[in-house]
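Student: Here you go, one structure.
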Amino acid sequence: MINLLDLDAAGLTAFFSGHGEKPFRARQVLRWMHRFGQADFDAMSDIARSLREKLKTLALVAPPTVVADRLAEDGTRKFLFDVGGGNAVEAVFIPEDDRGTLCVSTQAGCALDCSFCSTGKQGFNRNLTVAEIVGQLWQVRHALGAYQPAATVGERVVSNVVLMGMGEPLANLDNTVMALRLLLDDNAYGLSRRRVTVSTSGLVPAMDRLRDECPVALAVSLHAPNDRLRDELVPINRKYPLHELMAACRRYLEKAPRDFVTFEYVMLDGINDSEAHAREVLALTRDVSCKFNLIPFNPFPGTSYRRSPAPRIRRFAELLMASGVVATTRKTRGDDIDAACGQLAGQVLDRTQRTARRSFVIHQHRQEACG
């Protein structure tokens with residue numbers, strides 16, 4: 001049976017046409033599933049009973065199962081989803097006065113192994129399906145009451161979606177693009193392109209494809225102002241160095257819904273947070289319309305990194321702003337439940353054996369030290 005949450009409007013139209021049904025049925029079912037959060041075909045009241053019975057034999061609406069739901073003191077809410085095979089992924093809802101932002105995952109684990117990120121230390125298992133990506137929003141909207149009968153149609157309990165959870169979205173590009181189309185579809189979630197953000201560590205060819213196929217707001221995990229340091233912090237830089245990344249950002253802006261790229265920059269004590277680093281950042285990005293989101297490092301077990309002191313973060317921001325670059329410092333949210341940026345870990349059955357290799361290297365070093 002096919003999971004209809006895996007299909008966007010075009011996919012649903014093809015599905016119904018393939019079973020001898022009119023194309024408008026796709027629009028009806030799309031609205032029932034996403035706008036009204038309905039998984040029961042019997043409840044889809046404007047669809048002929050004969051078609052409802054047919055759908056029961058052909059398809060299902062199956063989001064990932066919520067296995068944990070934790071609430072932080074500041075109102076941040078972290079959800080853990082079972083995606084099968086010993087894997088679970090996390091999504092985080094961040095309520096604010098003027099918006100509600102959901103951070104969703106796109107992979108079980110991550111293959112990029114950024115040195116300061118908890119997710120990367122777990123290794124990588126697989127890409128998430130469209131149903132598993134969009135299903136996080138589907139389940140969270142249910143948990144927040146957006147699908148209750150008393151709720152206003154189209155209510156924006158979740159007003160913004162950011163693909164910044166576990167995984168690299170552009171390494172799962174096909175499913176990411178289809179999920180984005182559902183987020184933007186007026187018959188599904190109806191979000192504007194400006195309210196949907198994809199974060200990438202810098203997969204340049206995929207950035208170009210995203211620009212051409214489904215441009216939304218773009219955030220780039222920069223974290224270093226030169227190739228030597230970024231090679232260490234963000235290993236994908238060895239394949240797509242900074243000059244290629246900056247060129248891709250300029251190309252993306254030709255079709256982006258916003259007139260700037262957001263550069264994310266985690267502040268690591270004594271690593272990338274000096275005044276000299278700030279000046280390098282300004283030189284690197286001078287030809288890219290951008291704003292900076294400075295992220296105080298959020299520690300996790302086993303890391304050797306420390307958060308930059310608050311005065312140094314303020315000074316870094318001041319230097320950027322003195323040159324006319326918008327720089328904000330992200331408020332740490334949900335760190336008491338490990339829901340802050342860089343802390344999402346979930347549960348990953350690592351098929352890369354990265355964790356085992358890392359443990360072996362550490363063991364070897366210890367033997368050599370003792371020998």
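So you can find residues: chains in the structure tokens are A, B, ... in the order shown, residues in each start at 1, and ligands are numbered from 1 in order.
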Which neighbours of Ser105 in chain A fall inside 9 Å, counting only C-alpha atoms, when residues of the same chain fewer than 6 positions from it are skipped, and could you give them as a CSV table (one decimal) with C-alpha atoms, in the first residue's frame?
Tutor:
chain,number,residue,atom,x,y,z
A,89,VAL,CA,14.6,11.5,14.8
A,90,GLU,CA,13.8,14.7,16.6
A,91,ALA,CA,11.9,17.9,15.9
A,128,LEU,CA,13.9,10.3,5.6
A,132,GLU,CA,8.6,11.2,7.5
A,133,ILE,CA,9.7,14.8,6.9
A,136,GLN,CA,6.7,15.7,11.7
A,163,LEU,CA,14.8,22.3,7.9
A,164,MET,CA,17.6,22.5,10.5
A,165,GLY,CA,17.1,19.4,12.5
A,166,MET,CA,19.0,16.1,12.2
A,167,GLY,CA,20.7,15.6,8.9
A,168,GLU,CA,21.8,17.7,5.8
A,169,PRO,CA,18.6,18.5,3.9
Student: List the neighbours of Asn172 in chain A out to 8 Å using only C-alpha atoms; skip same-chain residues closer than 2 positions along the sequence, and give me the result as a ChimeraX atom specification.
Tutor: /A:106-107,127-128,168-170,174-176
Student: Keeping C-alpha atoms, export the residues of the selection given above as an mmCIF file, in the first residue's frame.
Tutor:
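And here's out11.cif as it stands now:
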data_model
loop_
_atom_site.group_PDB
_atom_site.id
_atom_site.type_symbol
_atom_site.label_atom_id
_atom_site.label_comp_id
_atom_site.auth_asym_id
_atom_site.auth_seq_id
_atom_site.Cartn_x
_atom_site.Cartn_y
_atom_site.Cartn_z
ATOM 1 C CA THR A 106 15.530 15.276 7.076
ATOM 2 C CA GLN A 107 17.841 12.312 7.788
ATOM 3 C CA ASN A 127 17.435 9.593 4.290
ATOM 4 C CA LEU A 128 13.950 10.255 5.600
ATOM 5 C CA GLU A 168 21.755 17.681 5.829
ATOM 6 C CA PRO A 169 18.582 18.529 3.853
ATOM 7 C CA LEU A 170 20.389 18.942 0.542
ATOM 8 C CA ASP A 174 14.600 14.891 -3.940
ATOM 9 C CA ASN A 175 12.573 14.173 -0.808
ATOM 10 C CA THR A 176 13.366 17.603 0.621
#
Student: Ranking A:Gly11, A:Pro64, A:Pro235, A:Gly270 by minimum distance to Arg181 in chain A and counting only C-alpha atoms, which one comes first?
Tutor: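 The shortest atom-to-atom distance to Arg181 in chain A comes from A:Gly11.
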Student: Which residue is closest to Gly86 in chain A? Choose from A:Pro205, A:Arg70, A:Val104, A:Gly109 and count only C-alpha atoms.
Tutor: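 Selected residue with least distance to Gly86 in chain A: A:Gly109.
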Student: Between CA of Pro241 in chain A and CA of Phe260 in chain A, what is the spacing in Å?
Tutor: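 Those two atoms sit 20.4 Å apart.
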Student: Nearest to Leu203 in chain A among A:Arg35, A:His223, A:Arg258, A:Lys239, with distances taken over only C-alpha atoms: which residue is it?
Tutor: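 Once distances to Leu203 in chain A are computed over only C-alpha atoms, the minimum belongs to A:Lys239.
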Student: Taking the chain letters and numbering used in this document, name the residues of range 5-184 of chain A that DSSP puts in helix (DSSP H, G or I), as a VMD selection string.
Tutor: chain A and resid 5 to 6 9 to 18 24 to 35 41 to 43 49 to 58 118 to 121 130 to 143 169 to 184
Student: Please measure the separation of CA of Leu183 in chain A and CA of Arg195 in chain A, giving the value in Å to one decimal.
Tutor: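 Straight-line distance from CA of Leu183 in chain A to CA of Arg195 in chain A works out to 9.8 Å.
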Student: Let me make sure I understand: among A:Ala131, A:Val140, A:Cys290, A:Leu180, which one has the smallest atom-to-atom distance to Val92 in chain A if we use only C-alpha atoms?
Tutor: A:Val140
